[in-house]
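For reference, the structure is listed below as structure tokens.
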Amino acid sequence: MTDVSLGMPQLPAPDYPADVRARLEADAREVIARYPGSRSALLPLLHLVQSEEGYVSRTGMGFCAELLDLTTAEVTAVATFYSMYRRKESGDYQVGVCTNTLCAVMGGDAIFEELKEHLGVGNGETTEDGAVTLEHIECNAACDFAPVVMVNWEFFDNQTPDSARRLVDDLRAGRPVTPTRGATLCSFKETSRILAGFPDERPGAVEAGGGAGPASLVGLRLARGESASARVVHPRGEAPADSPQPGSEHLSSHDAPQQTSASDPEHPAGPAGEEGE
Amino acid sequence: MTVSTQHGGRPGTGGEHSAEKLLAPVLSAFWDEPGSWTLETYLRHDGYQGLRKALAMNPDDLIAYVKDSGLRGRGGAGFPTGMKWQFIPQGDGKPHYLVVNADESEPGTCKDIPLLYANPHSLIEGIVIACYAIRSRHAFIYLRGEVVPVLRRLHEAVREAYEAGYLGTDILGSGLDLELTVHAGAGAYICGEETALLDSLEGRRGQPRLRPPFPAVAGLYACPTVVNNVESIASVPAILHRGKDWFRSMGSEKSPGFTLYSLSGHVASPGQYEAPLGITLRQLLDMSGGMRPGHRLKFWTPGGSSTPMFTDEHLDVPLDYEGVGAAGSMLGTKALQCFDETTCVVRAVTRWTEFYAHESCGKCTPCREGTYWLVQLLRDIEAGKGAMDDLDKLNDIADNINGKSFCALGDGAASPIFSSLKYFREEYEQHITGKGCPFDPAKSTAWAGRNGMDAEVNA
């Protein structure tokens with residue numbers, strides 16, 4: 001995973017330009033002041049240096065080490081441990097396809113394959129235009145919206161290969177993209193600044209996307225005696241082909257009442273009798 | 001609301017098993033209101049009333065009250081919350097800390113993130129109550145970094161709480177001072193383990209610590225620290241406001257109260273279902289439309305991938321700490337991932353095992369090396385290159401990981417191996433004798449069977 005280079009050791013990383021350094025240092029001091037022990041600020045500071053360069057550079061790590069009175073080795077050990085820190089120049093949009101078991105089975109594997117082929121990049125690679133870095137990610141705590149795609153750590157729920165392809169096309173074309181839940185997408189650098197602990201200053205960003213997603217509300221609706229809502233949020237930009245229209249009910253096979261979970265005993269559980277072959 | 005305390009209710013016996021009777025929305029009760037995440041909405045729903053009651057109590061009495069309520073940790077282990085608070089030594093002259101574990105990363109688990117997105121103030125109120133009880137003046141929310149929309153709302157909710165005097169100095173005139181810091185992680189499943197989380201919060205690699213000493217004695221900065229799950233702390237205000245007897249009227253003697261169940265996978269209505277502890281998967285499926293049409297349940301997890309899997313034999317297991325434990329698994333995070341008969345169990349377990357191998361922090365040899373070798377064996381089996389004695393080897397390696405590492409990640413990695421071999425050994429054997437996987441992954445996708453979409457699956 002890590003490139004091993006033999007030969008001459010690298011020269012020390014250059015410093016930030018003075019103005020950048022002054023700006024970052026003011027931010028860093030603010031972050032450090034939030035913690036009883038300064039080293040606790042290291043993870044936020046690594047997010048902060050990502051907000052400057054889009055990845056954790058050697059310059060950035062040197063900056064963190066200096067401010068926290070750590071060695072660059074100590075900072076590097078931490079920066080390489082966590083998967084959200086990018087180690088090389090990468091795209092404006094980090095597109096992560098969940099391929100942990102549940103999302104993978106529900107279609108995440110197919111979506112990831114589709115995007116690799118469509119973008120012509122592999123895992124962790126960036127498109128030539130510098131717009132999109134593609135990766136597969138682990139469970140992102142949205143399993144009731146599977147399959148899930150994250151862009152700059154915003155939720156794109158209930159994706160299909162087609163909707164995901166259009167999503168990355170929109171990103172590459174610079175068209176505005178809105179997540180299923182959350183605010184209009186900002187760049188990876190801007191996202192990193194929020195992660196460093198600086199609230200999103202854009203007007204309406206907190207309210208954008210509204211309340212809980214549809215899946216989050218199904219239990220509440222049932223508890224109130226309302227019927228179960230449609231299960232699928234229609235994929236981005238697509239007509240909700242199989243979800244009920246306002247004023248109508250049970251347009252979809254997804255809404256067909258099922259007596260119990262074991263309602264179809266004709267289907268054996270094992271692979272032998274199923275669509276194998 | 002009348003709440004059933006019966007366990008193992010059977011379907012089809014009438015109105016008392018309706019969703020209205022079986023579910024009990026408390027934390028999720030107003031998630032559908034406009035601006036549900038704002039302080040204004042929270043106050044309209046008795047927000048910060050529990051805090052007022054708590055501040056009128058003596059802190060030791062408050063700890064005893066929460067202990068008497070029977071609230072148990074909702075993050076997986078089920079440890080009594082009040083007891084955790086009681087373990088904090090008082091009068092020791094050291095700072096005390098509360099750290100909320102919002103690093104929700106267990107595969108299948110998706111309850112804390114929607115809770116924080118829709119109702120962050122329930123957590124903040126719970127934090128103030130807990131800090132008053134354990135005499136802490138600084139609390140932290142360790143939120144996994146990969147959920148920026150939730151981070152935005154937490155930032156805003158904390159700002160609102162400071163502005164309204166629920167955080168800061170002399171809270172509600174009680175003399176209580178409290179700072180609350182929202183801390184975003186950076187991507188590491190292991191940081192959900194409480195001692196790894198503390199190391200991470202101290203700016204280190206997230207690696208578990210040897211215990212003892214436990215965090216209650218030497219936690220954050222080696223000071224007494226309580227680490228609680230989001231849902232555990234968020235449940236405290238309602239207990240204070242509506243009383244421990246109300247709380248105990250739900251669930252069972254040993255597993256009282258309400259909790260969030262997260263239904264996902266091949267079900268008709270995936271989502272969050274807040275109910276008294278002890279509801280069964282059959283009841284949840286009955287009320288929500290069952291599995292997707294034309295399919296049947298094959299296997300499921302009661303509490304995330306680290307809890308041994310169940311099959312359709314376990315539909316009537318009461319989903320509380322004792323019930324699931326007696327059936328050979330763990331309640332965990334109540335992440336009910338349901339897979340139907342189109343799903344290859346070897347593929348599912350292989351992917352989970354790849355996850356554990358990726359997320360192993362590397363500190364303990366059995367976990368670091370063992371998960372690596374499990375992946376090699378499983379990939380071979382899944383690809384039809386396995387041998388029969390690989391199955392015993394899998395069991396053996398899992399046995400050499402289970403219980404032999406500092407933290408529960410290793411145990412979690414062993415769970416899907418043990419349980420899948422127990423229930424689906426034949427399916428493993430089919431992969432070996434048939435030299436390949438007999439399943440078509442296209443049939444498992446969310447869009448399988450939808451018009452015009454199957455073609456894309458092979459793209």
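The way I read the labels, and the way they are meant: chains A, B, ... in the order of the structure tokens, residue 1 as the first residue of every chain, and ligand 1 as the first ligand shown, with later ones counted on from there.
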
Lys404 in chain B surroundings by only C-alpha atoms, 12 Å radius, close-in-sequence under 6 positions cut, as a list in words: Lys363, Cys364, Thr365, Pro366, Cys367, Arg368, Gly370, Ile397, Ala398, Gly410, Asp411, Gly412, Ala413 and Ala414 of chain B

Those of range 72-193 of chain B in DSSP strand (DSSP E or B), formatted as a list in words: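 So, restricting range 72-193 of chain B to strand (DSSP E or B), we get Arg72, Pro80, Tyr97, Leu98, Val99, Val100, Asn101, Ala102, His138, Ala139, Phe140, Ile141, Tyr142, Leu143, Gly168, Leu178, Glu179, Leu180, Thr181, Val182, His183 and Ala184 of chain B.
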
All alpha helix (DSSP H) residues (DSSP, backbone) inside range 410-453 of chain B, as a ChimeraX atom specification: /B:410-433

Next, dump the selected residues to file, keeping only N, CA and C atoms, as a PDB file, in the first residue's frame.
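Generated file (again.pdb):
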```pdb
ATOM      1  N   GLY B 410     -11.408  -8.615  17.735  1.00  0.00           N
ATOM      2  CA  GLY B 410     -11.060  -9.987  17.398  1.00  0.00           C
ATOM      3  C   GLY B 410     -12.236 -10.933  17.614  1.00  0.00           C
ATOM      4  N   ASP B 411     -12.924 -10.764  18.730  1.00  0.00           N
ATOM      5  CA  ASP B 411     -14.104 -11.597  18.986  1.00  0.00           C
ATOM      6  C   ASP B 411     -15.147 -11.376  17.898  1.00  0.00           C
ATOM      7  N   GLY B 412     -15.282 -10.104  17.510  1.00  0.00           N
ATOM      8  CA  GLY B 412     -16.258  -9.778  16.467  1.00  0.00           C
ATOM      9  C   GLY B 412     -15.915 -10.451  15.152  1.00  0.00           C
ATOM     10  N   ALA B 413     -14.621 -10.516  14.852  1.00  0.00           N
ATOM     11  CA  ALA B 413     -14.201 -11.153  13.605  1.00  0.00           C
ATOM     12  C   ALA B 413     -14.508 -12.644  13.625  1.00  0.00           C
ATOM     13  N   ALA B 414     -14.424 -13.243  14.804  1.00  0.00           N
ATOM     14  CA  ALA B 414     -14.668 -14.686  14.904  1.00  0.00           C
ATOM     15  C   ALA B 414     -16.162 -15.021  14.819  1.00  0.00           C
ATOM     16  N   SER B 415     -17.010 -14.106  15.257  1.00  0.00           N
ATOM     17  CA  SER B 415     -18.451 -14.391  15.335  1.00  0.00           C
ATOM     18  C   SER B 415     -19.073 -14.840  14.016  1.00  0.00           C
ATOM     19  N   PRO B 416     -18.900 -14.082  12.933  1.00  0.00           N
ATOM     20  CA  PRO B 416     -19.533 -14.527  11.687  1.00  0.00           C
ATOM     21  C   PRO B 416     -18.965 -15.860  11.190  1.00  0.00           C
ATOM     22  N   ILE B 417     -17.701 -16.123  11.473  1.00  0.00           N
ATOM     23  CA  ILE B 417     -17.093 -17.394  11.049  1.00  0.00           C
ATOM     24  C   ILE B 417     -17.760 -18.551  11.794  1.00  0.00           C
ATOM     25  N   PHE B 418     -17.746 -18.467  13.125  1.00  0.00           N
ATOM     26  CA  PHE B 418     -18.332 -19.544  13.932  1.00  0.00           C
ATOM     27  C   PHE B 418     -19.789 -19.778  13.558  1.00  0.00           C
ATOM     28  N   SER B 419     -20.555 -18.681  13.533  1.00  0.00           N
ATOM     29  CA  SER B 419     -22.005 -18.846  13.380  1.00  0.00           C
ATOM     30  C   SER B 419     -22.374 -19.286  11.970  1.00  0.00           C
ATOM     31  N   SER B 420     -21.652 -18.799  10.970  1.00  0.00           N
ATOM     32  CA  SER B 420     -22.004 -19.220   9.607  1.00  0.00           C
ATOM     33  C   SER B 420     -21.624 -20.684   9.386  1.00  0.00           C
ATOM     34  N   LEU B 421     -20.509 -21.111   9.983  1.00  0.00           N
ATOM     35  CA  LEU B 421     -20.148 -22.526   9.859  1.00  0.00           C
ATOM     36  C   LEU B 421     -21.150 -23.402  10.608  1.00  0.00           C
ATOM     37  N   LYS B 422     -21.691 -22.852  11.676  1.00  0.00           N
ATOM     38  CA  LYS B 422     -22.671 -23.619  12.445  1.00  0.00           C
ATOM     39  C   LYS B 422     -23.963 -23.824  11.647  1.00  0.00           C
ATOM     40  N   TYR B 423     -24.433 -22.772  11.016  1.00  0.00           N
ATOM     41  CA  TYR B 423     -25.738 -22.854  10.355  1.00  0.00           C
ATOM     42  C   TYR B 423     -25.636 -23.176   8.860  1.00  0.00           C
ATOM     43  N   PHE B 424     -24.529 -22.852   8.237  1.00  0.00           N
ATOM     44  CA  PHE B 424     -24.456 -22.954   6.774  1.00  0.00           C
ATOM     45  C   PHE B 424     -23.207 -23.692   6.299  1.00  0.00           C
ATOM     46  N   ARG B 425     -22.767 -24.665   7.060  1.00  0.00           N
ATOM     47  CA  ARG B 425     -21.568 -25.390   6.655  1.00  0.00           C
ATOM     48  C   ARG B 425     -21.744 -26.006   5.266  1.00  0.00           C
ATOM     49  N   GLU B 426     -22.945 -26.491   5.010  1.00  0.00           N
ATOM     50  CA  GLU B 426     -23.203 -27.113   3.705  1.00  0.00           C
ATOM     51  C   GLU B 426     -22.948 -26.147   2.550  1.00  0.00           C
ATOM     52  N   GLU B 427     -23.273 -24.886   2.798  1.00  0.00           N
ATOM     53  CA  GLU B 427     -23.083 -23.907   1.724  1.00  0.00           C
ATOM     54  C   GLU B 427     -21.591 -23.673   1.445  1.00  0.00           C
ATOM     55  N   TYR B 428     -20.797 -23.674   2.501  1.00  0.00           N
ATOM     56  CA  TYR B 428     -19.344 -23.617   2.306  1.00  0.00           C
ATOM     57  C   TYR B 428     -18.890 -24.828   1.481  1.00  0.00           C
ATOM     58  N   GLU B 429     -19.397 -26.004   1.869  1.00  0.00           N
ATOM     59  CA  GLU B 429     -18.976 -27.230   1.184  1.00  0.00           C
ATOM     60  C   GLU B 429     -19.364 -27.192  -0.295  1.00  0.00           C
ATOM     61  N   GLN B 430     -20.524 -26.598  -0.564  1.00  0.00           N
ATOM     62  CA  GLN B 430     -20.942 -26.486  -1.968  1.00  0.00           C
ATOM     63  C   GLN B 430     -19.970 -25.646  -2.778  1.00  0.00           C
ATOM     64  N   HIS B 431     -19.442 -24.592  -2.161  1.00  0.00           N
ATOM     65  CA  HIS B 431     -18.458 -23.766  -2.860  1.00  0.00           C
ATOM     66  C   HIS B 431     -17.205 -24.580  -3.188  1.00  0.00           C
ATOM     67  N   ILE B 432     -16.891 -25.508  -2.283  1.00  0.00           N
ATOM     68  CA  ILE B 432     -15.663 -26.293  -2.467  1.00  0.00           C
ATOM     69  C   ILE B 432     -15.896 -27.412  -3.485  1.00  0.00           C
ATOM     70  N   THR B 433     -16.969 -28.181  -3.288  1.00  0.00           N
ATOM     71  CA  THR B 433     -17.218 -29.301  -4.204  1.00  0.00           C
ATOM     72  C   THR B 433     -17.617 -28.794  -5.588  1.00  0.00           C
TER      73      THR B 433
END
```

Range 372-386 of chain B surroundings by only C-alpha atoms, 7 Å radius, close-in-sequence under 5 positions cut, as a ChimeraX atom specification: /B:346-347,350,353-354,357,394,431-432,435-437

May I have the selected residues written with C-alpha atoms, as a short mmCIF file (atom, residue, chain, number, x, y, z; two decimals), in the first residue's frame?
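Written file, again14.cif:
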```cif
data_model
loop_
_atom_site.label_atom_id
_atom_site.label_comp_id
_atom_site.auth_asym_id
_atom_site.auth_seq_id
_atom_site.Cartn_x
_atom_site.Cartn_y
_atom_site.Cartn_z
CA VAL B 346 -19.83 -17.15 2.13
CA ARG B 347 -19.73 -13.88 0.23
CA THR B 350 -15.88 -12.96 3.41
CA THR B 353 -13.89 -10.62 7.43
CA GLU B 354 -12.17 -8.31 4.94
CA ALA B 357 -8.78 -7.40 8.61
CA LEU B 394 -11.24 -21.36 9.48
CA HIS B 431 -18.46 -23.77 -2.86
CA ILE B 432 -15.66 -26.29 -2.47
CA LYS B 435 -15.62 -25.18 -7.35
CA GLY B 436 -17.38 -21.85 -7.23
CA CYS B 437 -20.19 -19.76 -5.88
#
```

Who sits within 10 Å of Glu226 in chain A, only C-alpha atoms, same chain under 6 positions skipped, as a PDB file with all heavy atoms, in the first residue's frame:
```
ATOM      1  N   VAL A 218     -39.995   5.352   9.314  1.00  0.00           N
ATOM      2  CA  VAL A 218     -41.005   4.295   9.086  1.00  0.00           C
ATOM      3  C   VAL A 218     -41.587   3.784  10.397  1.00  0.00           C
ATOM      4  O   VAL A 218     -42.800   3.562  10.499  1.00  0.00           O
ATOM      5  CB  VAL A 218     -40.462   3.114   8.247  1.00  0.00           C
ATOM      6  CG1 VAL A 218     -40.203   3.527   6.823  1.00  0.00           C
ATOM      7  CG2 VAL A 218     -39.243   2.491   8.868  1.00  0.00           C
ATOM      8  N   GLY A 219     -40.761   3.593  11.411  1.00  0.00           N
ATOM      9  CA  GLY A 219     -41.273   3.107  12.690  1.00  0.00           C
ATOM     10  C   GLY A 219     -42.223   4.103  13.327  1.00  0.00           C
ATOM     11  O   GLY A 219     -43.291   3.747  13.830  1.00  0.00           O
ATOM     12  N   LEU A 220     -41.829   5.367  13.282  1.00  0.00           N
ATOM     13  CA  LEU A 220     -42.670   6.419  13.860  1.00  0.00           C
ATOM     14  C   LEU A 220     -44.035   6.458  13.186  1.00  0.00           C
ATOM     15  O   LEU A 220     -45.076   6.569  13.840  1.00  0.00           O
ATOM     16  CB  LEU A 220     -41.948   7.763  13.711  1.00  0.00           C
ATOM     17  CG  LEU A 220     -42.680   9.001  14.222  1.00  0.00           C
ATOM     18  CD1 LEU A 220     -42.980   8.891  15.702  1.00  0.00           C
ATOM     19  CD2 LEU A 220     -41.851  10.257  13.935  1.00  0.00           C
TER      20      LEU A 220
ATOM     21  N   ALA B  19     -48.755  -2.347  15.268  1.00  0.00           N
ATOM     22  CA  ALA B  19     -47.577  -1.495  15.418  1.00  0.00           C
ATOM     23  C   ALA B  19     -47.800  -0.438  16.491  1.00  0.00           C
ATOM     24  O   ALA B  19     -46.889  -0.098  17.245  1.00  0.00           O
ATOM     25  CB  ALA B  19     -47.251  -0.840  14.078  1.00  0.00           C
ATOM     26  N   GLU B  20     -49.051   0.073  16.577  1.00  0.00           N
ATOM     27  CA  GLU B  20     -49.313   1.120  17.569  1.00  0.00           C
ATOM     28  C   GLU B  20     -49.043   0.617  18.977  1.00  0.00           C
ATOM     29  O   GLU B  20     -48.622   1.366  19.850  1.00  0.00           O
ATOM     30  CB  GLU B  20     -50.770   1.597  17.489  1.00  0.00           C
ATOM     31  CG  GLU B  20     -51.112   2.323  16.196  1.00  0.00           C
ATOM     32  CD  GLU B  20     -51.793   1.419  15.198  1.00  0.00           C
ATOM     33  OE1 GLU B  20     -51.274   0.300  14.976  1.00  0.00           O
ATOM     34  OE2 GLU B  20     -52.825   1.811  14.630  1.00  0.00           O
TER      35      GLU B  20
END
```

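Each of B:Ile141, B:Leu176, B:Ala56, B:Ala446 was checked against Gln159 in chain A using only C-alpha atoms; the smallest atom-to-atom distance is that of B:Ala446.
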
Close residues, range 241-256 of chain B itself excluded, 8 Å, only C-alpha atoms, min 5 positions apart in chain, as a ChimeraX atom specification: /B:3-6,49-51,53,65-66,68-72,276-278,320-322

Print the selection's residues with N, CA, C and O atoms to a file, as an mmCIF file, in the first residue's frame.
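Final output, saved to selection-v8.cif:
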```
data_model
loop_
_atom_site.group_PDB
_atom_site.id
_atom_site.type_symbol
_atom_site.label_atom_id
_atom_site.label_comp_id
_atom_site.auth_asym_id
_atom_site.auth_seq_id
_atom_site.Cartn_x
_atom_site.Cartn_y
_atom_site.Cartn_z
ATOM 1 N N VAL B 3 -47.765 -0.167 26.538
ATOM 2 C CA VAL B 3 -46.639 -0.845 25.921
ATOM 3 C C VAL B 3 -46.619 -2.299 26.341
ATOM 4 O O VAL B 3 -46.728 -2.625 27.512
ATOM 5 N N SER B 4 -46.490 -3.144 25.380
ATOM 6 C CA SER B 4 -46.448 -4.569 25.671
ATOM 7 C C SER B 4 -45.146 -4.923 26.350
ATOM 8 O O SER B 4 -44.079 -4.522 25.934
ATOM 9 N N THR B 5 -45.234 -5.663 27.408
ATOM 10 C CA THR B 5 -44.015 -6.168 28.028
ATOM 11 C C THR B 5 -43.863 -7.658 27.777
ATOM 12 O O THR B 5 -42.966 -8.300 28.288
ATOM 13 N N GLN B 6 -44.806 -8.173 26.993
ATOM 14 C CA GLN B 6 -44.714 -9.606 26.690
ATOM 15 C C GLN B 6 -43.569 -9.882 25.739
ATOM 16 O O GLN B 6 -43.246 -9.083 24.880
ATOM 17 N N GLN B 49 -36.446 19.402 30.352
ATOM 18 C CA GLN B 49 -37.210 19.239 31.592
ATOM 19 C C GLN B 49 -36.534 18.214 32.503
ATOM 20 O O GLN B 49 -36.537 18.364 33.729
ATOM 21 N N GLY B 50 -36.011 17.153 31.891
ATOM 22 C CA GLY B 50 -35.294 16.145 32.681
ATOM 23 C C GLY B 50 -34.097 16.756 33.392
ATOM 24 O O GLY B 50 -33.793 16.418 34.545
ATOM 25 N N LEU B 51 -33.431 17.686 32.709
ATOM 26 C CA LEU B 51 -32.268 18.349 33.309
ATOM 27 C C LEU B 51 -32.680 19.137 34.554
ATOM 28 O O LEU B 51 -31.998 19.113 35.577
ATOM 29 N N LYS B 53 -35.084 18.542 36.571
ATOM 30 C CA LYS B 53 -35.296 17.609 37.680
ATOM 31 C C LYS B 53 -33.969 17.096 38.225
ATOM 32 O O LYS B 53 -33.792 16.968 39.435
ATOM 33 N N TYR B 65 -30.617 6.939 40.918
ATOM 34 C CA TYR B 65 -31.883 6.932 40.179
ATOM 35 C C TYR B 65 -31.705 6.304 38.803
ATOM 36 O O TYR B 65 -32.501 5.465 38.377
ATOM 37 N N VAL B 66 -30.659 6.704 38.115
ATOM 38 C CA VAL B 66 -30.404 6.150 36.778
ATOM 39 C C VAL B 66 -30.090 4.654 36.889
ATOM 40 O O VAL B 66 -30.512 3.846 36.060
ATOM 41 N N ASP B 68 -31.267 2.671 39.228
ATOM 42 C CA ASP B 68 -32.546 1.998 39.517
ATOM 43 C C ASP B 68 -33.426 1.882 38.281
ATOM 44 O O ASP B 68 -34.262 0.978 38.192
ATOM 45 N N SER B 69 -33.269 2.808 37.352
ATOM 46 C CA SER B 69 -34.093 2.739 36.139
ATOM 47 C C SER B 69 -33.763 1.486 35.336
ATOM 48 O O SER B 69 -34.570 1.009 34.546
ATOM 49 N N GLY B 70 -32.564 0.969 35.547
ATOM 50 C CA GLY B 70 -32.165 -0.248 34.822
ATOM 51 C C GLY B 70 -31.613 0.014 33.439
ATOM 52 O O GLY B 70 -31.391 -0.932 32.678
ATOM 53 N N LEU B 71 -31.375 1.295 33.100
ATOM 54 C CA LEU B 71 -30.833 1.614 31.774
ATOM 55 C C LEU B 71 -29.502 0.916 31.553
ATOM 56 O O LEU B 71 -28.603 1.010 32.379
ATOM 57 N N ARG B 72 -29.411 0.225 30.434
ATOM 58 C CA ARG B 72 -28.168 -0.463 30.085
ATOM 59 C C ARG B 72 -27.613 0.094 28.787
ATOM 60 O O ARG B 72 -28.333 0.623 27.963
ATOM 61 N N PRO B 276 -40.117 -1.102 22.886
ATOM 62 C CA PRO B 276 -39.618 -1.653 24.149
ATOM 63 C C PRO B 276 -38.665 -2.806 23.869
ATOM 64 O O PRO B 276 -38.849 -3.549 22.894
ATOM 65 N N LEU B 277 -37.674 -2.965 24.691
ATOM 66 C CA LEU B 277 -36.768 -4.100 24.550
ATOM 67 C C LEU B 277 -37.573 -5.394 24.645
ATOM 68 O O LEU B 277 -38.511 -5.502 25.440
ATOM 69 N N GLY B 278 -37.215 -6.349 23.835
ATOM 70 C CA GLY B 278 -37.896 -7.635 23.893
ATOM 71 C C GLY B 278 -38.818 -7.904 22.718
ATOM 72 O O GLY B 278 -39.363 -9.001 22.594
ATOM 73 N N ASP B 320 -33.862 -8.709 23.517
ATOM 74 C CA ASP B 320 -33.311 -7.994 24.663
ATOM 75 C C ASP B 320 -32.002 -8.685 25.053
ATOM 76 O O ASP B 320 -31.609 -9.679 24.428
ATOM 77 N N TYR B 321 -31.332 -8.149 26.055
ATOM 78 C CA TYR B 321 -29.977 -8.640 26.349
ATOM 79 C C TYR B 321 -29.989 -10.130 26.696
ATOM 80 O O TYR B 321 -29.154 -10.903 26.215
ATOM 81 N N GLU B 322 -30.958 -10.546 27.527
ATOM 82 C CA GLU B 322 -30.990 -11.948 27.962
ATOM 83 C C GLU B 322 -31.479 -12.861 26.845
ATOM 84 O O GLU B 322 -30.938 -13.945 26.634
#
```

Of the listed residues B:Pro149, B:Gly108, B:Gly73, B:Pro441, that which approaches Glu138 in chain A most closely, counting only C-alpha atoms: B:Gly108

Distance criterion (only C-alpha atoms): nearest to chain A out of B:Ala24, B:Met330, B:Ala408, B:Val230: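 Checking each of B:Ala24, B:Met330, B:Ala408, B:Val230 against chain A, counting only C-alpha atoms, the winner is B:Ala24.
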
Distance query range 26-34 of chain A at most 8 Å, only C-alpha atoms, self and fewer than 4 positions along chain excluded, as JSON, numbers by chain: {"A": [22, 38, 39, 40, 41, 44, 45, 48, 67, 196, 197], "B": [181]}
